[in-house]
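*Asks:* Dropping a structure here in structure tokens format, bear with me for questions.
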Amino acid sequence: MLVLFLARILLASSAAFAQISPGPLSKAHRSLDGTTQCTTCHQFGTSTPTFKCLDCHKEIAQKLTANQGYHAQIGMKNPNGRDCVRCHLEHNGTDFTLVHWEPSLKQFDHKLTGYPLVDKHAAVACDKCHTAAHMVPAARALIKQTNPNSSYLALSKDCVTCHTDPHKGQLGGDCQRCHNISDWKQAKDFDHSKTKYPLTGMHAQVACEKCHFPSGPDKIVKYAGIKFAACIDCHIDPHKGEFKAACESCHTTSSWKKVNMSSVQFDHSKTKYPLLGMHLKVDCTGCHTSGDFKRTVAFAQCADCHSPDPHKGQFQARASKGECAECHTVNGWKPSEFGVKEHATSHYPLEGKHAAVACDKCHTPAGKDTVYKVKFAACKDCHQDAHDKQFAAAPYQNRCEHCHTVKDFHRSTFTIAKHKNTRFALTGAHAAVSCADCHKAGLAGRTDKILPFHFEDRTCTACHMDPHKGEFKERMALKRADGTALGCEACHTSRSWVDIRNFDHAKTKFALLGAHRTVACSDCHKPLQGTHDIQFKGTPQNCEACHTDTHGGQFAAKDGITKCGDCHVVQRWTPSTFDHDKRTQFPLQGGHANVGCPLCHALQREVQGKPVLFYKPTSRNCADCHGPDVRPL
């Protein structure tokens with residue numbers, strides 16, 4: 001009976017487990033199988049599913065707290081919720097793999113761990129770095145895996161974790177102070193200036209291995225503990241103890257051969273030739289050849305030491321016989337001290353713009369072959385002909401000074417008075433025209449950028465566009481006494497464009513008579529609609545074409561047009577020539593003969609918004625004008 005009871009209990013518990021557990025655990029968690037172990041991973045009584053993964057996996061919890069590693073990089077915000085089980089699914093059987101590599105282990109993006117694999121690291125196999133031997137001991141102790149070599153956690157970022165320190169601790173453990181991942185052998189990131197012995201002068205060009213070379217029984221390259229307090233720690237004394245002072249009292253790292261004269265114990269200023277300027281940098285043996293300091297050295301002139309003459313005798317004709325000190329000082333060979341003031345003592349004083357010209361613009365640098373005695377008789381000796389031989393002939397013969405001065409090349413001295421001697425004297429309004437308005441690139445048949453000064457065509461239309469578009473071509477073709485065409489001057493003068501005294505309107509089909517003589521041209525000749533073009537030919541000649549009908553159509557003919565000429569003449573608008581006796585039914589006779597028009601015609605009406613004096617109708621009844629009490633004679 002007891003056996004049957006126990007069997008029933010086991011069957012009941014097995015059925016209950018099948019109902020509670022979703023499936024068997026993986027091999028890694030098989031020790032947690034059984035319904036009594038659920039609370040080891042699951043926390044019950046919460047509103048959302050809650051797991052205790054980090055209670056066991058403390059190596060992950062430690063990285064999340066420090067915000068380091070892969071799980072921190074992917075942004076796990078709820079590790080106690082669904083974040084863990086989103087990737088690591090349980091209850092799928094003992095052979096189910098909890099870690100899945102997407103898309104594969106080889107294609108894993110290592111930068112998601114916070115340590116991107118670049119340069120030389122990119123080609124290294126995973127198992128070269130991820131081994132138990134390379135793990136941080138404290139973090140390794142937290143890993144629950146039986147075989148730590150299969151874990152990718154707890155690896156240190158320090159170089160010495162994977163690489164052996166070839167310096168044996170001489171320079172500390174921060175390898176990246178000097179090296180980088182791209183090239184280990186070239187310590188390009190090492191800054192020697194931050195050490196106790198900064199490299200200056202020629203030392204900066206010395207190869208590292210000249211000072212840092214293998215030593216000791218282990219043949220380890222020595223980087224720390226090297227002596228550098230005195231030069232003789234590295235260099236052999238060439239003077240063999242002759243000078244008791246330290247090497248740096250005369251020499252510097254810039255150059256061994258150049259002695260620092262400011263620190264030499266011998267005071268050259270007490271001699272007849274104190275050393276100044278650049279002479280302080282000269283090596284003693286530069287003047288005291290063979291080290292013989294007892295032999296007298298000549299120094300009266302620069303040429304005593306500086307020879308041969310670098311200018312090849314070009315200044316021998318000067319009063320100083322070419323003494324160098326006339327242009328140079330001991331402070332430096334360049335720049336020359338021969339300035340504008342000194343140039344005034346030459347055959348060509350520098351004036352105007354020439355005073356600002358750099359020396360090398362005229363004296364082209366060529367080392368010892370530089371020419372200082374240059375031609376200067378004509379401007380063209382230095383300056384190119386900017387006018388392309390336009391002034392090569394007489395009377396100018398390319399003498400720039402006819403028009404220009406050294407004060408300002410762009411401001412020509414060719415005045416209006418001088419222009420009278422050319423084939424085109426400037427008269428009238430032309431005298432006020434800027435030179436650049438006529439002499440500009442692209443004119444006179446030139447296609448280059450050179451300004452034209454020779455114009456074969458000097459007619460008005462060569463510069464001015466014909467605003468009349470050929471209306472007066474016959475008139476413009478008329479000849480002068482010399483056989484040339486009148487052109488625009490058939491009507492206009494250079495005094496003013498609007499001055500058309502040369503145009504005789506009486507020779508047209510419409511002579512200007514009476515009041516028309518004072519009318520401005522533009523009152524009749526107006527631009528065509530929608531353009532600025534003024535038409536002269538075809539202008540209407542009848543009054544009504546120009547004048548508005550002031551009578552509001554009272555006198556219009558059958559065609560609707562009022563013929564002004566029926567009543568008015570060009571001499572004046574008033575008095576009217578209207579014949580009241582013939583053209584009306586009310587002849588002006590007797591007392592009416594001398595009555596003024598306004599006394600009878602006073603009726604006004606508005607036509608298109610304007611008051612118009614109306615003649616029709618006008619009453620012919622006496623009473624309408626004289627009143628009802630007037631009796632006929």
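Residues are named by chain letter and number: chains run A, B, ... in the order of the structure tokens, numbers start at 1 in each chain, and ligands are numbered from 1 in the order shown.
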Would you give me, as a list in words, the residues in stretch 12-141 of chain A that DSSP reads as strand (DSSP E)?

*Replies:*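 In stretch 12-141 of chain A, DSSP puts these residues in strand (DSSP E): His42, Gln43, Thr50 and Phe51 of chain A.
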
*Asks:* Please produce an output containing N, CA, C and O atoms for each residue in the selection, written as a compact mmCIF listing (two decimals), in the first residue's frame.

*Replies:*
# COMPACT_ATOMS: atom_id res chain seq x y z
N HIS A 42 13.35 33.28 -11.31
CA HIS A 42 12.12 34.06 -11.48
C HIS A 42 11.73 34.73 -10.17
O HIS A 42 11.87 34.14 -9.09
N GLN A 43 11.24 35.96 -10.27
CA GLN A 43 10.70 36.67 -9.11
C GLN A 43 9.20 36.79 -9.32
O GLN A 43 8.74 37.38 -10.31
N THR A 50 9.73 39.28 -14.19
CA THR A 50 10.98 39.77 -13.60
C THR A 50 11.92 38.59 -13.40
O THR A 50 11.51 37.52 -12.93
N PHE A 51 13.19 38.81 -13.78
CA PHE A 51 14.17 37.72 -13.73
C PHE A 51 15.36 38.15 -12.87
O PHE A 51 15.64 39.34 -12.70

*Asks:* Could you pull the residues within 12 Å of A:Phe614, counting only C-alpha atoms, minus those fewer than 3 positions along the same chain, as a short mmCIF file (atom, residue, chain, number, x, y, z; two decimals) with all heavy atoms, in the first residue's frame?

*Replies:*
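Writing the result to result21.cif gives the following:
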data_model
loop_
_atom_site.label_atom_id
_atom_site.label_comp_id
_atom_site.auth_asym_id
_atom_site.auth_seq_id
_atom_site.Cartn_x
_atom_site.Cartn_y
_atom_site.Cartn_z
N THR A 550 -11.41 119.83 -78.24
CA THR A 550 -11.86 120.51 -77.02
C THR A 550 -13.34 120.81 -77.02
O THR A 550 -13.88 121.34 -76.05
CB THR A 550 -11.08 121.83 -76.83
OG1 THR A 550 -11.33 122.67 -77.97
CG2 THR A 550 -9.59 121.57 -76.70
N HIS A 551 -13.99 120.51 -78.16
CA HIS A 551 -15.42 120.84 -78.28
C HIS A 551 -16.32 119.64 -78.04
O HIS A 551 -17.55 119.74 -78.23
CB HIS A 551 -15.70 121.42 -79.67
CG HIS A 551 -14.88 122.64 -79.97
ND1 HIS A 551 -14.83 123.74 -79.16
CD2 HIS A 551 -14.03 122.92 -81.01
CE1 HIS A 551 -14.03 124.65 -79.65
NE2 HIS A 551 -13.50 124.16 -80.79
N GLY A 552 -15.74 118.52 -77.63
CA GLY A 552 -16.55 117.38 -77.30
C GLY A 552 -17.34 116.82 -78.45
O GLY A 552 -18.44 116.28 -78.27
N GLY A 553 -16.80 116.96 -79.68
CA GLY A 553 -17.44 116.38 -80.85
C GLY A 553 -18.60 117.18 -81.42
O GLY A 553 -19.35 116.69 -82.28
N GLN A 554 -18.73 118.45 -80.99
CA GLN A 554 -19.86 119.26 -81.48
C GLN A 554 -19.74 119.57 -82.97
O GLN A 554 -20.76 119.72 -83.66
CB GLN A 554 -19.93 120.59 -80.71
CG GLN A 554 -20.19 120.45 -79.23
CD GLN A 554 -20.13 121.79 -78.53
OE1 GLN A 554 -21.05 122.64 -78.68
NE2 GLN A 554 -19.06 122.01 -77.79
N PHE A 555 -18.50 119.66 -83.46
CA PHE A 555 -18.29 120.04 -84.85
C PHE A 555 -17.74 118.88 -85.70
O PHE A 555 -17.10 119.10 -86.72
CB PHE A 555 -17.33 121.23 -84.93
CG PHE A 555 -17.80 122.41 -84.13
CD1 PHE A 555 -17.24 122.72 -82.89
CD2 PHE A 555 -18.85 123.20 -84.60
CE1 PHE A 555 -17.69 123.80 -82.16
CE2 PHE A 555 -19.30 124.28 -83.84
CZ PHE A 555 -18.72 124.59 -82.62
N CYS A 597 -18.08 136.20 -78.54
CA CYS A 597 -18.65 134.84 -78.50
C CYS A 597 -19.11 134.43 -77.10
O CYS A 597 -20.20 133.86 -76.93
CB CYS A 597 -17.64 133.82 -79.02
SG CYS A 597 -17.05 134.18 -80.69
N PRO A 598 -18.33 134.69 -76.04
CA PRO A 598 -18.72 134.22 -74.71
C PRO A 598 -20.02 134.82 -74.20
O PRO A 598 -20.63 134.27 -73.26
CB PRO A 598 -17.55 134.64 -73.82
CG PRO A 598 -16.40 134.77 -74.74
CD PRO A 598 -16.99 135.30 -76.01
N CYS A 600 -22.77 134.97 -75.74
CA CYS A 600 -23.89 134.10 -76.15
C CYS A 600 -23.62 132.63 -75.84
O CYS A 600 -24.52 131.89 -75.43
CB CYS A 600 -24.16 134.26 -77.65
SG CYS A 600 -24.66 135.94 -78.12
N HIS A 601 -22.36 132.24 -76.04
CA HIS A 601 -22.00 130.83 -75.84
C HIS A 601 -21.34 130.65 -74.46
O HIS A 601 -20.13 130.82 -74.31
CB HIS A 601 -21.05 130.36 -76.94
CG HIS A 601 -21.61 130.52 -78.32
ND1 HIS A 601 -22.66 129.75 -78.82
CD2 HIS A 601 -21.29 131.40 -79.33
CE1 HIS A 601 -22.94 130.13 -80.04
NE2 HIS A 601 -22.13 131.14 -80.37
N ALA A 602 -22.17 130.39 -73.47
CA ALA A 602 -21.68 130.24 -72.09
C ALA A 602 -22.07 128.89 -71.47
O ALA A 602 -21.71 128.60 -70.35
CB ALA A 602 -22.20 131.39 -71.22
N LEU A 603 -22.80 128.10 -72.23
CA LEU A 603 -23.27 126.82 -71.70
C LEU A 603 -22.11 125.81 -71.61
O LEU A 603 -21.39 125.58 -72.58
CB LEU A 603 -24.37 126.26 -72.62
CG LEU A 603 -24.91 124.87 -72.24
CD1 LEU A 603 -25.59 124.91 -70.87
CD2 LEU A 603 -25.87 124.37 -73.31
N GLN A 604 -21.91 125.22 -70.43
CA GLN A 604 -20.87 124.21 -70.23
C GLN A 604 -21.47 122.90 -69.75
O GLN A 604 -22.40 122.88 -68.95
CB GLN A 604 -19.84 124.70 -69.19
CG GLN A 604 -18.92 125.77 -69.71
CD GLN A 604 -17.74 126.02 -68.78
OE1 GLN A 604 -17.72 125.51 -67.67
NE2 GLN A 604 -16.80 126.81 -69.23
N ARG A 605 -20.92 121.82 -70.30
CA ARG A 605 -21.31 120.48 -69.88
C ARG A 605 -20.05 119.64 -69.66
O ARG A 605 -18.99 119.95 -70.18
CB ARG A 605 -22.19 119.84 -70.95
CG ARG A 605 -23.55 120.52 -71.12
CD ARG A 605 -24.35 119.81 -72.20
NE ARG A 605 -25.65 120.44 -72.42
CZ ARG A 605 -26.50 120.07 -73.36
NH1 ARG A 605 -26.17 119.08 -74.20
NH2 ARG A 605 -27.68 120.68 -73.50
N GLU A 606 -20.22 118.56 -68.92
CA GLU A 606 -19.09 117.67 -68.68
C GLU A 606 -19.08 116.56 -69.71
O GLU A 606 -20.10 115.89 -69.95
CB GLU A 606 -19.15 117.05 -67.28
CG GLU A 606 -18.65 117.98 -66.20
CD GLU A 606 -18.32 117.25 -64.91
OE1 GLU A 606 -18.43 116.01 -64.90
OE2 GLU A 606 -17.95 117.91 -63.93
N VAL A 607 -17.93 116.38 -70.36
CA VAL A 607 -17.73 115.29 -71.30
C VAL A 607 -16.51 114.50 -70.83
O VAL A 607 -15.39 115.05 -70.78
CB VAL A 607 -17.51 115.81 -72.74
CG1 VAL A 607 -17.24 114.63 -73.67
CG2 VAL A 607 -18.73 116.58 -73.21
N PRO A 611 -15.10 119.81 -68.20
CA PRO A 611 -16.08 120.80 -68.64
C PRO A 611 -15.79 121.23 -70.08
O PRO A 611 -14.67 121.52 -70.44
CB PRO A 611 -15.89 121.95 -67.66
CG PRO A 611 -14.49 121.81 -67.18
CD PRO A 611 -14.20 120.34 -67.18
N PRO A 617 -26.80 123.08 -78.24
CA PRO A 617 -27.68 124.12 -78.86
C PRO A 617 -27.44 125.48 -78.23
O PRO A 617 -27.06 125.55 -77.05
CB PRO A 617 -29.05 123.60 -78.54
CG PRO A 617 -28.88 122.89 -77.20
CD PRO A 617 -27.51 122.32 -77.20
N THR A 618 -27.64 126.53 -78.98
CA THR A 618 -27.65 127.90 -78.47
C THR A 618 -28.98 128.55 -78.94
O THR A 618 -29.29 128.53 -80.13
CB THR A 618 -26.46 128.71 -79.01
OG1 THR A 618 -25.24 128.06 -78.58
CG2 THR A 618 -26.49 130.13 -78.50
N SER A 619 -29.69 129.05 -77.99
CA SER A 619 -31.02 129.62 -78.32
C SER A 619 -30.91 130.83 -79.24
O SER A 619 -29.97 131.63 -79.11
CB SER A 619 -31.74 130.01 -77.02
OG SER A 619 -32.97 130.62 -77.33
#

*Asks:* Excluding same-chain residues fewer than 5 positions from A:Lys185, what lies within 12 Å of it counting only C-alpha atoms, as an mmCIF file with all heavy atoms, in the first residue's frame?

*Replies:*
data_model
loop_
_atom_site.group_PDB
_atom_site.id
_atom_site.type_symbol
_atom_site.label_atom_id
_atom_site.label_comp_id
_atom_site.auth_asym_id
_atom_site.auth_seq_id
_atom_site.Cartn_x
_atom_site.Cartn_y
_atom_site.Cartn_z
ATOM 1 N N PRO A 166 58.215 44.823 -23.925
ATOM 2 C CA PRO A 166 59.641 44.675 -24.273
ATOM 3 C C PRO A 166 60.541 45.597 -23.460
ATOM 4 O O PRO A 166 61.752 45.439 -23.473
ATOM 5 C CB PRO A 166 59.665 45.040 -25.760
ATOM 6 C CG PRO A 166 58.528 45.994 -25.919
ATOM 7 C CD PRO A 166 57.465 45.523 -24.981
ATOM 8 N N CYS A 175 51.099 51.731 -22.940
ATOM 9 C CA CYS A 175 51.835 51.619 -24.214
ATOM 10 C C CYS A 175 51.432 52.704 -25.213
ATOM 11 O O CYS A 175 52.243 53.148 -26.035
ATOM 12 C CB CYS A 175 51.591 50.248 -24.844
ATOM 13 S SG CYS A 175 52.033 48.866 -23.760
ATOM 14 N N CYS A 178 53.191 56.060 -26.499
ATOM 15 C CA CYS A 178 54.220 56.116 -27.545
ATOM 16 C C CYS A 178 53.801 55.399 -28.828
ATOM 17 O O CYS A 178 54.164 55.826 -29.924
ATOM 18 C CB CYS A 178 55.521 55.490 -27.051
ATOM 19 S SG CYS A 178 56.122 56.195 -25.493
ATOM 20 N N HIS A 179 53.065 54.311 -28.689
ATOM 21 C CA HIS A 179 52.744 53.470 -29.834
ATOM 22 C C HIS A 179 51.276 53.590 -30.216
ATOM 23 O O HIS A 179 50.442 54.080 -29.454
ATOM 24 C CB HIS A 179 53.073 52.002 -29.514
ATOM 25 C CG HIS A 179 54.483 51.791 -29.098
ATOM 26 N ND1 HIS A 179 55.533 51.699 -29.990
ATOM 27 C CD2 HIS A 179 55.041 51.666 -27.849
ATOM 28 C CE1 HIS A 179 56.659 51.519 -29.327
ATOM 29 N NE2 HIS A 179 56.400 51.496 -28.031
ATOM 30 N N ASN A 180 50.962 53.095 -31.405
ATOM 31 C CA ASN A 180 49.575 53.012 -31.845
ATOM 32 C C ASN A 180 49.348 51.653 -32.495
ATOM 33 O O ASN A 180 50.271 50.871 -32.707
ATOM 34 C CB ASN A 180 49.226 54.156 -32.807
ATOM 35 C CG ASN A 180 50.167 54.222 -33.992
ATOM 36 O OD1 ASN A 180 50.327 53.250 -34.726
ATOM 37 N ND2 ASN A 180 50.799 55.371 -34.190
ATOM 38 N N PHE A 190 55.286 59.229 -29.393
ATOM 39 C CA PHE A 190 56.154 59.583 -28.267
ATOM 40 C C PHE A 190 56.678 61.010 -28.421
ATOM 41 O O PHE A 190 57.186 61.383 -29.471
ATOM 42 C CB PHE A 190 57.324 58.594 -28.187
ATOM 43 C CG PHE A 190 58.284 58.907 -27.070
ATOM 44 C CD1 PHE A 190 57.923 58.695 -25.751
ATOM 45 C CD2 PHE A 190 59.524 59.449 -27.333
ATOM 46 C CE1 PHE A 190 58.792 58.994 -24.721
ATOM 47 C CE2 PHE A 190 60.407 59.752 -26.308
ATOM 48 C CZ PHE A 190 60.038 59.530 -25.004
ATOM 49 N N CYS A 208 66.913 57.069 -32.658
ATOM 50 C CA CYS A 208 66.694 56.636 -31.272
ATOM 51 C C CYS A 208 67.765 55.647 -30.815
ATOM 52 O O CYS A 208 68.281 55.728 -29.683
ATOM 53 C CB CYS A 208 65.306 56.000 -31.128
ATOM 54 S SG CYS A 208 63.948 57.069 -31.658
#

*Asks:* Can you pull out every residue within 12 Å of stretch 587-591 of chain A, counting only C-alpha atoms, but drop anything in the same chain fewer than 5 positions away, and send it as a ChimeraX atom specification?

*Replies:* /A:578-582,596-597,600,620,633

*Asks:* Print the selection's residues with C-alpha atoms to a file, as a short mmCIF file (atom, residue, chain, number, x, y, z; two decimals), in the first residue's frame.

*Replies:*
data_model
loop_
_atom_site.label_atom_id
_atom_site.label_comp_id
_atom_site.auth_asym_id
_atom_site.auth_seq_id
_atom_site.Cartn_x
_atom_site.Cartn_y
_atom_site.Cartn_z
CA PHE A 578 -15.47 130.42 -87.99
CA ASP A 579 -17.91 132.21 -90.39
CA HIS A 580 -21.05 132.64 -88.33
CA ASP A 581 -23.06 134.02 -91.24
CA LYS A 582 -22.43 131.15 -93.63
CA GLY A 596 -18.06 138.60 -78.26
CA CYS A 597 -18.65 134.84 -78.50
CA CYS A 600 -23.89 134.10 -76.15
CA ARG A 620 -31.90 132.12 -81.08
CA LEU A 633 -36.61 147.55 -82.76
#

*Asks:* Got a sec: who's within 12 Å of A:Trp497, counting only C-alpha atoms, leaving out chain neighbours fewer than 6 positions off, as a list of chain:residue names?

*Replies:*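 After dropping sequence-adjacent residues, the list is A:Gly428, A:Ala429, A:His430, A:Cys460, A:His464, A:Pro467, A:Cys488, A:Glu489, A:Ala490, A:Cys491.
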
*Asks:* At a cut-off of 10 Å, using only C-alpha atoms, what residues contact A:Cys546? Leave out same-chain residues fewer than 6 positions from it and give the result as a list in words.

*Replies:*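 Once the adjacent positions are removed, what remains is Asp523, Cys524, His525, Thr539 and Pro540 of chain A.
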
*Asks:* What is the atom CA of A:Thr574 to atom CA of A:Ile561 distance in Å?

*Replies:*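 Pair atom CA of A:Thr574 / atom CA of A:Ile561 returns 20.5 Å.
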
*Asks:* One number please: atom CA of A:Leu117 to atom CA of A:Gln145, in Å, one decimal.

*Replies:*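 We find that atom CA of A:Leu117 and atom CA of A:Gln145 lie 25.6 Å from each other.
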
*Asks:* So the first atom is atom CA of A:Glu351 and the second is atom CA of A:Gln384; what is the distance between them in Å, to one decimal place?

*Replies:*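 These atoms are spaced 19.4 Å apart.
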
*Asks:* Please give the complete set of residues from stretch 404-605 of chain A that DSSP, run on the backbone, assigns to helix (DSSP H, G or I), formatted as an mmCIF file with C-alpha atoms, in the first residue's frame.

*Replies:*
data_model
loop_
_atom_site.group_PDB
_atom_site.id
_atom_site.type_symbol
_atom_site.label_atom_id
_atom_site.label_comp_id
_atom_site.auth_asym_id
_atom_site.auth_seq_id
_atom_site.Cartn_x
_atom_site.Cartn_y
_atom_site.Cartn_z
ATOM 1 C CA ILE A 416 41.971 118.156 -74.238
ATOM 2 C CA ALA A 417 44.373 120.729 -75.635
ATOM 3 C CA LYS A 418 46.680 117.923 -76.799
ATOM 4 C CA HIS A 419 43.707 116.090 -78.265
ATOM 5 C CA GLY A 428 31.292 120.486 -77.251
ATOM 6 C CA ALA A 429 30.017 117.689 -75.051
ATOM 7 C CA HIS A 430 32.895 115.446 -76.154
ATOM 8 C CA ALA A 431 35.247 117.553 -74.025
ATOM 9 C CA ALA A 432 33.473 116.297 -70.882
ATOM 10 C CA CYS A 435 38.740 108.873 -71.813
ATOM 11 C CA ALA A 436 37.646 105.361 -70.820
ATOM 12 C CA ASP A 437 34.238 105.861 -72.490
ATOM 13 C CA CYS A 438 35.852 105.885 -75.932
ATOM 14 C CA CYS A 460 29.295 109.368 -84.856
ATOM 15 C CA THR A 461 27.872 105.922 -85.519
ATOM 16 C CA ALA A 462 31.245 104.359 -84.814
ATOM 17 C CA CYS A 463 30.603 105.116 -81.118
ATOM 18 C CA LYS A 473 20.088 107.284 -93.761
ATOM 19 C CA GLU A 474 19.595 109.321 -96.951
ATOM 20 C CA ARG A 475 20.127 112.561 -95.078
ATOM 21 C CA MET A 476 23.140 111.145 -93.198
ATOM 22 C CA GLY A 487 26.260 111.311 -90.645
ATOM 23 C CA CYS A 488 24.608 112.408 -87.381
ATOM 24 C CA GLU A 489 25.930 115.946 -87.946
ATOM 25 C CA ALA A 490 23.331 116.336 -90.658
ATOM 26 C CA HIS A 505 11.899 121.506 -90.815
ATOM 27 C CA ALA A 506 10.829 123.800 -93.686
ATOM 28 C CA LYS A 507 12.385 121.305 -96.077
ATOM 29 C CA GLY A 514 3.042 130.158 -86.386
ATOM 30 C CA ALA A 515 2.635 128.582 -82.965
ATOM 31 C CA HIS A 516 4.222 125.345 -84.206
ATOM 32 C CA ARG A 517 7.650 127.022 -84.260
ATOM 33 C CA THR A 518 7.827 127.006 -80.456
ATOM 34 C CA CYS A 521 10.037 118.089 -81.048
ATOM 35 C CA SER A 522 8.953 115.506 -78.458
ATOM 36 C CA ASP A 523 5.437 116.970 -78.353
ATOM 37 C CA CYS A 524 4.831 115.656 -81.848
ATOM 38 C CA CYS A 543 -4.325 119.036 -86.547
ATOM 39 C CA GLU A 544 -6.768 116.526 -85.154
ATOM 40 C CA ALA A 545 -4.054 113.818 -85.118
ATOM 41 C CA CYS A 546 -2.109 115.775 -82.458
ATOM 42 C CA CYS A 564 -9.664 121.927 -86.659
ATOM 43 C CA GLY A 565 -8.606 123.730 -89.826
ATOM 44 C CA ASP A 566 -12.195 124.714 -90.547
ATOM 45 C CA HIS A 580 -21.050 132.637 -88.327
ATOM 46 C CA ASP A 581 -23.057 134.023 -91.241
ATOM 47 C CA LYS A 582 -22.427 131.150 -93.632
ATOM 48 C CA ARG A 583 -22.207 128.191 -91.320
ATOM 49 C CA GLY A 590 -26.541 144.769 -86.778
ATOM 50 C CA GLY A 591 -25.832 144.980 -83.099
ATOM 51 C CA HIS A 592 -24.816 141.345 -83.046
ATOM 52 C CA CYS A 597 -18.645 134.845 -78.500
ATOM 53 C CA PRO A 598 -18.724 134.219 -74.705
ATOM 54 C CA LEU A 599 -21.685 136.576 -74.308
ATOM 55 C CA CYS A 600 -23.889 134.104 -76.150
#
